[in-house]
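Listing of start-v9.cif, mmCIF, C-alpha atoms
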data_entry
loop_
_atom_site.label_atom_id
_atom_site.label_comp_id
_atom_site.auth_asym_id
_atom_site.auth_seq_id
_atom_site.Cartn_x
_atom_site.Cartn_y
_atom_site.Cartn_z
CA MET X 1 49.28 93.61 140.41
CA ILE X 2 52.51 95.05 141.78
CA PHE X 3 54.18 92.81 144.36
CA GLU X 4 56.95 94.88 145.88
CA ASP X 5 58.53 96.20 142.66
CA GLU X 6 57.49 93.27 140.48
CA GLU X 7 54.48 93.00 138.17
CA VAL X 8 53.10 89.59 139.05
CA PHE X 9 49.65 88.01 138.92
CA PHE X 10 48.17 85.26 141.08
CA LEU X 11 45.42 83.52 139.16
CA ASP X 12 42.83 81.08 140.46
CA LEU X 13 42.84 77.83 138.54
CA PRO X 14 39.53 76.31 137.42
CA SER X 15 38.59 73.13 139.28
CA SER X 16 41.59 73.40 141.59
CA ASP X 17 42.63 74.97 144.87
CA ASN X 18 46.02 75.76 143.40
CA VAL X 19 47.11 79.14 142.08
CA LEU X 20 48.94 80.10 138.89
CA VAL X 21 51.79 82.56 139.34
CA TYR X 22 52.35 84.59 136.20
CA ALA X 23 55.04 87.28 135.89
CA PRO X 24 55.06 88.15 132.16
CA LEU X 25 57.95 90.60 132.36
CA ARG X 26 60.08 87.91 134.00
CA SER X 27 58.88 85.23 131.59
CA TYR X 28 57.89 83.24 134.68
CA LEU X 29 55.02 80.81 135.14
CA ALA X 30 54.38 78.35 137.96
CA GLU X 31 51.56 76.48 139.70
CA VAL X 32 51.60 76.68 143.50
CA ARG X 33 49.41 75.62 146.39
CA SER X 34 46.95 78.15 147.73
CA GLY X 35 48.96 78.51 150.97
CA PHE X 36 51.76 80.07 148.91
CA LEU X 37 50.00 83.44 149.05
CA ASP X 38 50.21 83.47 152.84
CA TYR X 39 53.81 82.26 152.70
CA ILE X 40 55.06 85.17 150.58
CA LYS X 41 53.56 87.60 153.07
CA THR X 42 56.26 86.53 155.50
CA GLU X 43 59.69 88.16 155.23
CA ARG X 44 61.39 84.84 154.45
CA GLY X 45 58.78 83.83 151.85
CA LYS X 46 58.82 87.24 150.21
CA THR X 47 62.62 87.27 149.95
CA ILE X 48 62.80 83.77 148.48
CA PHE X 49 60.04 84.50 145.95
CA LEU X 50 61.53 87.83 144.83
CA ASN X 51 64.97 86.26 144.43
CA LEU X 52 63.39 83.51 142.35
CA LEU X 53 61.70 86.03 140.08
CA LYS X 54 64.79 88.21 139.73
CA ALA X 55 66.84 85.23 138.64
CA HIS X 56 64.96 85.68 135.34
CA PRO X 57 66.12 88.68 133.28
CA LEU X 58 63.61 91.53 133.23
CA ILE X 59 61.94 92.27 129.92
CA ASP X 60 61.95 96.02 129.32
CA ILE X 61 58.36 96.60 128.24
CA ASN X 62 58.95 100.31 127.61
CA LYS X 63 61.78 99.41 125.24
CA ILE X 64 59.35 97.23 123.29
CA GLN X 65 56.98 100.17 122.97
CA ASN X 66 59.71 102.64 122.03
CA ASN X 67 61.05 100.24 119.41
CA TYR X 68 57.74 100.58 117.58
CA TYR X 69 58.33 104.31 117.22
CA ARG X 70 61.80 103.75 115.76
CA ARG X 71 60.58 101.37 113.08
CA THR X 72 60.40 102.51 109.50
CA PRO X 73 56.73 102.68 108.47
CA SER X 74 55.93 99.91 106.05
CA LEU X 75 54.04 100.71 102.88
CA SER X 76 50.76 99.12 101.89
CA LEU X 77 49.08 99.87 98.57
CA ALA X 78 45.36 99.36 98.03
CA ILE X 79 45.70 98.63 94.31
CA THR X 80 41.96 98.20 93.83
CA ASP X 81 38.64 98.26 95.65
CA ASP X 82 37.28 95.61 93.29
CA CYS X 83 37.21 91.87 93.92
CA THR X 84 36.66 88.56 92.16
CA LEU X 85 34.62 87.22 95.07
CA ARG X 86 31.58 88.47 96.98
CA CYS X 87 32.29 87.21 100.47
CA GLN X 88 29.16 87.52 102.56
CA TYR X 89 30.93 89.20 105.44
CA CYS X 90 33.36 91.51 103.57
CA TYR X 91 33.94 94.49 105.87
CA PHE X 92 34.85 96.71 102.90
CA ARG X 93 32.06 95.54 100.55
CA ALA X 94 34.76 95.04 97.89
CA GLY X 95 33.32 94.68 94.41
CA ASP X 96 29.99 96.35 95.16
CA THR X 97 28.89 98.88 92.54
CA ASP X 98 30.44 101.76 94.50
CA LYS X 99 33.64 99.82 95.27
CA ARG X 100 35.35 99.19 91.95
CA THR X 101 38.04 101.88 91.85
CA THR X 102 41.56 100.92 90.78
CA MET X 103 44.76 102.95 91.11
CA SER X 104 46.22 104.08 87.81
CA LYS X 105 49.85 103.20 87.07
CA ASP X 106 50.69 106.92 87.23
CA HIS X 107 49.27 107.18 90.74
CA ILE X 108 50.96 103.95 91.80
CA ARG X 109 54.31 105.37 90.67
CA GLN X 110 53.66 108.72 92.38
CA TYR X 111 52.72 107.11 95.70
CA ILE X 112 55.75 104.83 95.64
CA ASP X 113 58.12 107.67 94.72
CA ALA X 114 56.72 109.81 97.55
CA TYR X 115 57.17 106.98 100.04
CA PHE X 116 60.79 106.34 99.08
CA ARG X 117 61.59 110.05 99.27
CA GLN X 118 60.13 110.40 102.75
CA ILE X 119 61.10 107.27 104.67
CA PRO X 120 64.28 107.36 106.85
CA CYS X 121 66.47 105.18 104.64
CA ASP X 122 69.32 105.03 107.16
CA SER X 123 67.21 103.03 109.61
CA ILE X 124 66.66 100.40 106.95
CA LYS X 125 70.29 100.16 105.92
CA GLU X 126 71.34 99.73 109.54
CA SER X 127 69.07 96.70 109.96
CA ASP X 128 68.82 93.80 107.53
CA LYS X 129 68.53 96.05 104.47
CA SER X 130 64.95 94.96 103.90
CA ILE X 131 61.69 96.84 103.93
CA ASN X 132 58.21 95.44 104.40
CA ILE X 133 55.77 96.15 101.62
CA ALA X 134 52.15 94.98 101.61
CA ILE X 135 49.83 94.94 98.64
CA ALA X 136 46.66 95.11 100.67
CA ALA X 137 43.51 96.95 101.76
CA GLY X 138 40.28 97.32 99.88
CA GLY X 139 39.66 94.56 97.35
CA GLU X 140 41.61 91.62 95.94
CA PRO X 141 44.96 93.02 94.65
CA THR X 142 45.26 90.49 91.82
CA LYS X 143 41.89 91.57 90.36
CA ALA X 144 43.85 94.33 88.59
CA PHE X 145 46.78 92.08 87.73
CA ASP X 146 48.60 94.42 85.32
CA ASN X 147 48.61 97.25 87.87
CA PHE X 148 49.44 94.80 90.66
CA LYS X 149 52.40 93.48 88.70
CA TYR X 150 53.53 97.01 87.80
CA ALA X 151 53.49 98.06 91.49
CA VAL X 152 55.56 95.08 92.63
CA GLU X 153 58.17 95.43 89.90
CA TYR X 154 58.43 99.20 90.34
CA ILE X 155 58.92 98.85 94.10
CA GLU X 156 61.60 96.23 93.48
CA ALA X 157 63.42 98.62 91.16
CA CYS X 158 63.20 101.51 93.66
CA SER X 159 64.38 99.29 96.50
CA LYS X 160 67.38 98.12 94.53
CA GLN X 161 68.24 101.72 93.66
CA HIS X 162 68.26 102.62 97.37
CA GLY X 163 70.29 99.57 98.36
CA TYR X 164 67.77 97.32 100.05
CA VAL X 165 65.32 94.53 99.35
CA ALA X 166 61.52 94.71 99.44
CA LYS X 167 59.77 91.91 101.31
CA PHE X 168 56.26 91.64 99.89
CA THR X 169 53.27 90.32 101.80
CA MET X 170 49.53 90.46 101.19
CA PRO X 171 46.18 88.97 102.07
CA THR X 172 44.68 87.25 99.04
CA ASN X 173 41.56 85.29 98.15
CA GLY X 174 43.48 82.85 95.93
CA PHE X 175 40.94 82.99 93.12
CA TYR X 176 43.27 82.99 90.09
CA GLY X 177 45.33 80.72 87.86
CA ASP X 178 48.93 79.63 87.50
CA GLU X 179 50.26 82.87 85.98
CA VAL X 180 49.30 84.86 89.06
CA ARG X 181 50.31 82.06 91.43
CA GLN X 182 53.77 81.85 89.89
CA PHE X 183 54.25 85.62 90.02
CA ILE X 184 53.42 85.59 93.73
CA VAL X 185 55.79 82.72 94.42
CA ASP X 186 58.56 84.49 92.49
CA HIS X 187 58.17 87.91 94.12
CA PHE X 188 56.52 87.58 97.54
CA PHE X 189 57.97 86.78 100.93
CA GLN X 190 54.68 85.35 102.24
CA VAL X 191 50.90 85.72 101.94
CA SER X 192 47.80 85.17 104.01
CA LEU X 193 45.40 83.04 101.98
CA SER X 194 41.74 83.53 102.87
CA MET X 195 39.96 80.19 102.74
CA ASP X 196 37.21 79.23 105.14
CA GLY X 197 37.23 75.44 105.03
CA PRO X 198 35.76 72.50 103.12
CA LYS X 199 33.79 73.11 99.93
CA ASP X 200 30.36 73.89 101.35
CA ILE X 201 31.73 76.35 103.92
CA GLN X 202 33.99 78.07 101.38
CA ASP X 203 31.28 78.33 98.73
CA THR X 204 28.59 79.50 101.15
CA GLN X 205 30.72 82.20 102.74
CA ARG X 206 33.01 83.14 99.83
CA PRO X 207 31.11 82.80 96.53
CA THR X 208 32.36 84.26 93.26
CA ALA X 209 31.12 87.58 91.91
CA ASN X 210 28.37 85.77 89.96
CA GLY X 211 27.45 83.54 92.91
CA GLY X 212 29.41 80.49 91.77
CA SER X 213 31.82 78.16 93.54
CA SER X 214 35.25 79.45 94.52
CA PHE X 215 36.43 76.32 96.32
CA GLN X 216 38.38 74.40 93.69
CA THR X 217 40.31 77.40 92.36
CA VAL X 218 41.29 78.56 95.85
CA TYR X 219 42.18 75.02 96.90
CA ASP X 220 44.39 74.71 93.80
CA THR X 221 46.13 77.95 94.77
CA ALA X 222 46.84 76.61 98.25
CA LYS X 223 48.14 73.39 96.73
CA PHE X 224 50.35 75.35 94.32
CA PHE X 225 51.86 77.38 97.16
CA TYR X 226 52.35 74.29 99.28
CA GLU X 227 54.01 72.25 96.55
CA HIS X 228 56.33 75.14 95.72
CA ASN X 229 57.39 75.44 99.38
CA PHE X 230 56.09 78.99 99.40
CA LYS X 231 55.42 80.53 102.81
CA PHE X 232 51.72 81.13 103.38
CA ALA X 233 49.19 81.02 106.21
CA ILE X 234 45.52 80.21 105.95
CA ARG X 235 42.95 82.64 107.28
CA SER X 236 39.55 81.14 108.07
CA THR X 237 36.69 83.45 109.02
CA ILE X 238 34.32 81.88 111.54
CA THR X 239 30.61 82.64 111.24
CA ASN X 240 27.45 81.17 112.70
CA TYR X 241 27.48 78.83 109.72
CA SER X 242 30.92 77.42 110.54
CA ILE X 243 31.47 77.85 114.29
CA HIS X 244 30.23 74.36 115.15
CA ARG X 245 32.53 72.84 112.55
CA MET X 246 35.86 74.32 113.62
CA LYS X 247 37.41 70.93 114.36
CA GLU X 248 36.38 69.78 110.91
CA ILE X 249 37.99 72.91 109.43
CA ILE X 250 41.21 72.20 111.32
CA ASP X 251 41.20 68.60 110.12
CA PHE X 252 40.67 69.69 106.52
CA PHE X 253 43.53 72.16 106.45
CA HIS X 254 45.90 70.09 108.57
CA GLU X 255 45.43 66.97 106.45
CA ASN X 256 45.83 68.83 103.16
CA PHE X 257 48.48 71.36 104.18
CA PRO X 258 50.44 70.02 107.18
CA ASN X 259 52.49 72.58 109.15
CA VAL X 260 50.73 75.57 107.58
CA VAL X 261 49.47 78.06 110.19
CA ILE X 262 45.67 78.16 110.44
CA GLY X 263 44.37 81.53 111.57
CA MET X 264 40.79 81.40 112.86
CA GLU X 265 39.08 84.77 113.31
CA ARG X 266 35.55 85.77 114.23
CA MET X 267 33.54 87.41 111.48
CA SER X 268 33.54 91.22 111.76
CA GLU X 269 30.15 92.91 111.80
CA PHE X 270 31.00 95.62 109.32
CA GLY X 271 30.19 96.21 105.65
CA ARG X 272 28.36 93.26 104.09
CA GLY X 273 28.67 91.57 107.46
CA LEU X 274 25.89 93.84 108.70
CA LYS X 275 23.42 92.49 106.14
CA THR X 276 24.30 88.83 105.65
CA ASP X 277 21.97 86.10 106.89
CA ILE X 278 24.96 84.04 108.03
CA GLY X 279 25.64 86.21 111.06
CA ALA X 280 28.52 86.36 113.51
CA PRO X 281 28.87 84.24 116.63
CA THR X 282 28.82 86.15 119.91
CA LEU X 283 32.18 87.14 121.35
CA SER X 284 31.90 84.71 124.24
CA GLU X 285 30.72 81.90 121.97
CA PHE X 286 33.68 82.42 119.65
CA LYS X 287 36.23 82.63 122.46
CA GLU X 288 34.98 79.35 123.88
CA ALA X 289 35.10 77.75 120.45
CA ILE X 290 38.60 79.04 119.67
CA SER X 291 39.80 77.80 123.05
CA GLU X 292 38.58 74.31 122.23
CA SER X 293 40.15 74.63 118.80
CA TYR X 294 43.52 75.51 120.31
CA GLN X 295 43.44 72.41 122.46
CA TYR X 296 42.26 70.24 119.59
CA GLY X 297 44.93 71.68 117.29
CA TYR X 298 47.73 71.16 119.82
CA LYS X 299 46.83 67.49 120.17
CA LYS X 300 46.90 67.02 116.40
CA GLY X 301 50.04 69.09 115.87
CA ALA X 302 48.09 71.73 113.92
CA LEU X 303 49.24 75.35 114.23
CA ILE X 304 46.22 77.41 115.31
CA LYS X 305 46.42 81.19 115.68
CA ASN X 306 44.05 83.98 116.70
CA ALA X 307 44.86 87.70 116.55
CA SER X 308 43.41 88.67 119.92
CA LEU X 309 46.25 87.01 121.82
CA GLY X 310 49.03 87.44 119.30
CA LYS X 311 51.98 85.09 119.38
CA SER X 312 52.47 82.72 122.28
CA ASN X 313 56.20 83.44 122.50
CA SER X 314 56.23 87.23 122.63
CA LEU X 315 54.82 90.20 124.49
CA ARG X 316 53.39 93.37 122.99
CA THR X 317 52.06 96.70 124.16
CA SER X 318 50.18 97.62 120.99
CA PHE X 319 47.81 95.28 119.21
CA CYS X 320 49.35 95.86 115.80
CA LEU X 321 52.16 97.77 114.12
CA SER X 322 49.59 99.56 111.99
CA VAL X 323 48.82 101.90 114.89
CA ALA X 324 52.04 101.54 116.89
CA VAL X 325 54.42 102.76 114.18
CA PRO X 326 52.04 103.73 112.43
CA ASN X 327 52.35 102.09 109.03
CA TRP X 328 51.20 103.70 105.80
CA THR X 329 48.31 102.29 103.83
CA VAL X 330 47.67 104.32 100.69
CA LEU X 331 44.06 104.06 99.56
CA THR X 332 42.86 104.32 95.98
CA ASP X 333 41.96 107.99 96.55
CA GLY X 334 45.40 108.86 97.97
CA ARG X 335 44.43 109.04 101.63
CA ILE X 336 46.85 107.51 104.15
CA THR X 337 45.42 105.31 106.89
CA SER X 338 46.82 102.93 109.47
CA CYS X 339 43.79 100.64 109.58
CA THR X 340 41.51 99.47 106.80
CA ARG X 341 38.80 97.98 108.95
CA ASP X 342 35.26 99.33 109.12
CA SER X 343 35.64 101.10 105.74
CA PHE X 344 38.61 103.18 106.94
CA PRO X 345 37.28 104.99 110.01
CA GLU X 346 38.44 108.59 110.33
CA GLN X 347 40.28 107.83 113.58
CA PHE X 348 42.93 105.95 111.61
CA THR X 349 43.41 108.36 108.70
CA PHE X 350 46.50 110.50 109.22
CA GLY X 351 47.63 111.81 105.85
CA ALA X 352 47.07 112.16 102.14
CA PHE X 353 49.00 112.39 98.89
CA ASP X 354 49.36 115.98 97.68
CA GLU X 355 49.41 116.31 93.88
CA ASP X 356 51.08 119.73 93.87
CA SER X 357 54.07 118.81 96.03
CA GLN X 358 54.09 115.15 94.96
CA SER X 359 54.49 114.23 98.62
CA ILE X 360 52.61 112.60 101.47
CA LEU X 361 51.27 115.20 103.90
CA ILE X 362 51.24 113.79 107.44
CA ASP X 363 49.13 114.94 110.39
CA GLU X 364 51.55 114.55 113.33
CA GLU X 365 48.78 115.10 115.89
CA LYS X 366 46.90 112.15 114.44
CA ILE X 367 50.04 110.01 114.61
CA SER X 368 50.45 110.91 118.28
CA LYS X 369 46.88 109.78 118.97
CA LEU X 370 47.41 106.53 117.08
CA ARG X 371 50.50 105.72 119.11
CA GLN X 372 48.48 106.11 122.29
CA MET X 373 46.33 103.13 121.32
CA ASN X 374 48.21 100.78 123.65
CA VAL X 375 48.01 99.17 127.08
CA PHE X 376 49.55 102.20 128.78
CA HIS X 377 46.51 104.29 127.83
CA TYR X 378 43.68 101.81 128.39
CA LYS X 379 42.31 102.10 131.93
CA GLU X 380 40.97 98.54 132.01
CA CYS X 381 44.42 97.15 131.12
CA GLU X 382 46.17 98.54 134.20
CA THR X 383 45.58 95.52 136.45
CA CYS X 384 44.89 92.87 133.79
CA PHE X 385 47.22 89.88 133.56
CA ALA X 386 46.51 89.50 129.83
CA LYS X 387 47.47 93.04 128.87
CA TYR X 388 50.86 92.25 127.33
CA ASN X 389 49.34 89.41 125.33
CA CYS X 390 46.12 90.87 123.93
CA ALA X 391 47.49 94.46 124.06
CA GLY X 392 44.02 95.84 124.63
CA ASP X 393 42.68 93.97 121.59
CA CYS X 394 42.00 95.48 118.15
CA PRO X 395 41.65 99.30 118.32
CA ASN X 396 38.94 99.28 115.68
CA LEU X 397 36.92 96.72 117.60
CA ARG X 398 37.32 98.92 120.66
CA PHE X 399 35.75 101.83 118.77
CA ALA X 400 32.87 99.55 117.83
CA SER X 401 32.53 98.22 121.43
CA LEU X 402 33.18 94.69 120.16
CA ILE X 403 35.87 93.49 122.55
CA ASP X 404 35.36 90.95 125.32
CA CYS X 405 38.05 91.26 128.00
CA ASP X 406 36.66 88.41 130.10
CA ALA X 407 36.84 86.05 127.14
CA ASN X 408 40.41 87.15 126.33
CA ARG X 409 41.49 86.53 129.92
CA ARG X 410 39.85 83.13 130.00
CA LEU X 411 41.52 82.13 126.77
CA LEU X 412 44.97 83.26 127.92
CA LEU X 413 44.57 81.47 131.24
CA GLU X 414 43.80 78.24 129.39
CA ARG X 415 46.88 78.70 127.20
CA LEU X 416 49.09 79.33 130.24
CA VAL X 417 47.81 76.17 131.88
CA TYR X 418 48.58 74.30 128.67
CA PHE X 419 52.13 75.66 128.57
CA LEU X 420 52.70 74.68 132.15
CA LYS X 421 51.45 71.12 131.69
CA ASN X 422 53.04 70.44 128.33
CA LYS X 423 56.16 72.60 128.19
CA LYS X 424 57.60 72.61 131.69
CA GLY X 425 60.68 74.74 131.96
CA VAL X 426 59.79 76.72 128.88
CA ASN X 427 61.07 80.29 128.74
CA LEU X 428 57.77 81.81 127.65
CA TYR X 429 58.94 85.00 126.01
CA GLY X 430 62.68 84.69 125.74
CA ASN X 431 65.03 86.85 127.77
CA GLU X 432 64.43 90.07 125.88
#
Would you mind writing the file out in structure tokens?
Amino acid sequence: MIFEDEEVFFLDLPSSDNVLVYAPLRSYLAEVRSGFLDYIKTERGKTIFLNLLKAHPLIDINKIQNNYYRRTPSLSLAITDDCTLRCQYCYFRAGDTDKRTTMSKDHIRQYIDAYFRQIPCDSIKESDKSINIAIAAGGEPTKAFDNFKYAVEYIEACSKQHGYVAKFTMPTNGFYGDEVRQFIVDHFFQVSLSMDGPKDIQDTQRPTANGGSSFQTVYDTAKFFYEHNFKFAIRSTITNYSIHRMKEIIDFFHENFPNVVIGMERMSEFGRGLKTDIGAPTLSEFKEAISESYQYGYKKGALIKNASLGKSNSLRTSFCLSVAVPNWTVLTDGRITSCTRDSFPEQFTFGAFDEDSQSILIDEEKISKLRQMNVFHYKECETCFAKYNCAGDCPNLRFASLIDCDANRRLLLERLVYFLKNKKGVNLYGNE
């Protein structure tokens, strides 16, 4: 709500008569007695409260949004649609008989050349002289290792020629040996390693292409990364099979890989996820479980993350840079999309590689629509205290009517209470 000229929210606390005062754009959080609301209606109370708020520098939320537009689009290459695993919930159905296409080296080179010709190089050179490159979308990038390796090394050469450094990231299933592991360690900035938990959970949810066990190979990859001090996060997909074992999953990862971030995300009901017997937990069931997992993780010192609320120390107006910038993901057929969920829905496709001109043709009207996928354009976000944290949640989930605003608000409220009780005096979001 707007109190005078300040965006501030007064939130009822569960099992208490007290009220939580939350002013995200002032990075302000406090617990007050219920009578405080009557007090600030008086001239004296209002003046004191407003002066208190304005003692904290104002975060320019429009500047945050505009900064997205000034960012250089990052490049993501979907090297292949094929995969070494057959995860039961794979949204893309990677590795199915109709999903085994791989980019040729000629196309990889053409896409990369087109990208480097079209990006605004000056914006990179004025920053830290680095550019973000993802080898992602579709299947497991390392399945086509020769082409994967060619893409990385060619991008490195192009980056050096233009005077900057490529920072490589990717999601990966970890199902490979030391040659691939070492190449990743030598060339990548960080990766997200998909691993769902102890052996029975991993093997049930993420079997190999022939139905075998993937656990030991993926565990060995995690161990290799950890022992080489390589930066990686773990991404665990939570299904009906695993939702009641989330504390066990946290214990497993925290004991084996201390200080590695553990991302816990609800299974998406797309692709193979529509046909699997495992099934997805309901939105409310998952939010309650992830809330308990946060609290359990904090007590153990485990780093638990969930995409719906982003980072605890920053605000955002768009859920992801993929739509805010938007970033370029080049698919195996040359189409350009900002989101690879739900088998690349048309709403996110905004360009394509043109063979004749050897360039990326961009639909500017589509880009404009993508950039409107933010809290300033979602009616239900207008008066919501969680809007700068969840940023309206995942745009693709919104299209599929799979968001739960009440659950997001409940989860954020619990996190704010935790911050207040355990980190008194903390400057929540920095003085941006």
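Using all atoms listed in the file, the nearest neighbour of Lys275 (chain X) within the list X:Ile48, X:Gln88, X:Arg398, X:Ser293 is X:Gln88.
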Item to check | 8 Å contact set for region 67-78 of chain X, only C-alpha atoms, chain neighbours under 6 positions out, as a ChimeraX atom specification | outcome: /X:103,115,119-120,123-124,131-139,141,321,324-332
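By only C-alpha atoms, and with residues fewer than 3 positions from Leu13 (chain X) along its chain excluded, the set lying at most 9 Å from it is Ser16, Asp17, Asn18, Val19, Leu20, Glu31, Leu413 and Val417 of chain X.
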Next on the checklist: Running the PyMOL selection byres ((chain X and resi 175) around 7) on this model by hand, what would come out? Give it as an MDAnalysis selection string.
Outcome noted: chainID X and resid 173:174 176 214 217:218
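One distance worth recording is that between CA of Pro24 (chain X) and CA of Glu43 (chain X), which is 23.5 Å.
Minimum distance to Cys83 (chain X) across X:Ile108, X:Ala144, X:Leu50, X:Val21 (counting all atoms listed in the file) occurs at X:Ala144.
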Next on the checklist: To test your reading of the syntax: which residues would the PyMOL selection byres ((chain X and resi 22) around 10) return for the file shown? Reply as a list of chain:residue names.
Outcome noted: X:Glu7, X:Val8, X:Phe9, X:Phe10, X:Leu11, X:Val19, X:Leu20, X:Val21, X:Ala23, X:Pro24, X:Leu25, X:Arg26, X:Ser27, X:Tyr28, X:Leu29, X:Ala30, X:Glu31, X:Phe385, X:Ala386, X:Leu413, X:Leu416
Checklist outcome for this item: Using all atoms listed in the file, the shortest atom-to-atom distance to Asn62 (chain X) among X:Thr80, X:Ser318, X:Ser359, X:Asn389 belongs to X:Ser318
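Residues within 6 Å of Thr337 (chain X), counting only C-alpha atoms and excluding same-chain residues fewer than 3 positions away, are Thr329, Phe348, Thr349 and Phe350 of chain X.
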Next on the checklist: For this structure, which residues satisfy the selection - the PyMOL selection byres ((chain X and resi 268) around 10) - when it is evaluated on the file as given? I want them as a ChimeraX atom specification.
Outcome noted: /X:89-91,237-239,265-267,269-274,279-281,341-342,397,402
Next on the checklist: Which residue is closest to Asn259 (chain X)? Choose from X:Tyr226, X:Phe116, X:Phe319, X:Phe215 and count all atoms listed in the file.
Outcome noted: X:Tyr226
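Interatomic distance, CA of Ile250 (chain X) to CA of Gln205 (chain X): 16.8 Å.
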Checklist entry - Any idea what's packed within 9 Å of Gly297 (chain X), counting all atoms listed in the file, ignoring anything in its chain fewer than 3 positions away? Could you give it as a PyMOL selection string? => result chain X and resi 247+250-251+254+292-294+300-304
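Here the selection is built from all atoms listed in the file, and the residues within 6 Å of (60.0, 91.5, 98.1) turn out to be Ala166, Lys167, Phe168, His187, Phe188 and Phe189 of chain X.
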Emit the selected residues as a compact mmCIF listing (two decimals), in the frame of the given file, including C-alpha atoms.
# COMPACT_ATOMS: atom_id res chain seq x y z
CA ALA X 166 61.52 94.71 99.44
CA LYS X 167 59.77 91.91 101.31
CA PHE X 168 56.26 91.64 99.89
CA HIS X 187 58.17 87.91 94.12
CA PHE X 188 56.52 87.58 97.54
CA PHE X 189 57.97 86.78 100.93
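Counting all atoms listed in the file and comparing X:Glu156, X:Asp406, X:Glu285, X:Glu6, the residue that lies closest to Ile243 (chain X) is X:Glu285.
Distances from X:Ile336, X:Ala114, X:Ala94, X:Cys87 to Ser194 (chain X) were compared using all atoms listed in the file, and the smallest one belongs to X:Cys87.
Distance-wise, CA of Glu346 (chain X) and CA of Arg86 (chain X) end up 25.1 Å apart.
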Since fewer atoms than expected are present, regenerate N, CA and C atoms for region 31-43 of chain X and write them as a short mmCIF file (atom, residue, chain, number, x, y, z; two decimals), in the frame of the given file.
data_model
loop_
_atom_site.label_atom_id
_atom_site.label_comp_id
_atom_site.auth_asym_id
_atom_site.auth_seq_id
_atom_site.Cartn_x
_atom_site.Cartn_y
_atom_site.Cartn_z
N GLU X 31 52.76 76.84 138.96
CA GLU X 31 51.56 76.48 139.70
C GLU X 31 51.95 76.19 141.14
N VAL X 32 51.26 76.83 142.08
CA VAL X 32 51.60 76.68 143.50
C VAL X 32 50.34 76.35 144.30
N ARG X 33 50.54 75.87 145.49
CA ARG X 33 49.41 75.62 146.39
C ARG X 33 48.86 76.94 146.91
N SER X 34 47.61 76.92 147.30
CA SER X 34 46.95 78.15 147.73
C SER X 34 47.64 78.79 148.94
N GLY X 35 48.28 77.98 149.79
CA GLY X 35 48.96 78.51 150.97
C GLY X 35 50.18 79.36 150.63
N PHE X 36 50.59 79.30 149.36
CA PHE X 36 51.76 80.07 148.91
C PHE X 36 51.53 81.57 149.10
N LEU X 37 50.29 82.02 148.92
CA LEU X 37 50.00 83.44 149.05
C LEU X 37 50.23 83.94 150.48
N ASP X 38 49.93 83.09 151.45
CA ASP X 38 50.21 83.47 152.84
C ASP X 38 51.71 83.40 153.11
N TYR X 39 52.38 82.44 152.48
CA TYR X 39 53.81 82.26 152.70
C TYR X 39 54.61 83.48 152.24
N ILE X 40 54.26 84.05 151.09
CA ILE X 40 55.06 85.17 150.58
C ILE X 40 54.74 86.48 151.30
N LYS X 41 53.79 86.43 152.23
CA LYS X 41 53.56 87.60 153.07
C LYS X 41 54.57 87.66 154.21
N THR X 42 55.21 86.55 154.48
CA THR X 42 56.26 86.53 155.50
C THR X 42 57.55 87.08 154.90
N GLU X 43 58.44 87.58 155.73
CA GLU X 43 59.69 88.16 155.23
C GLU X 43 60.52 87.10 154.49
#
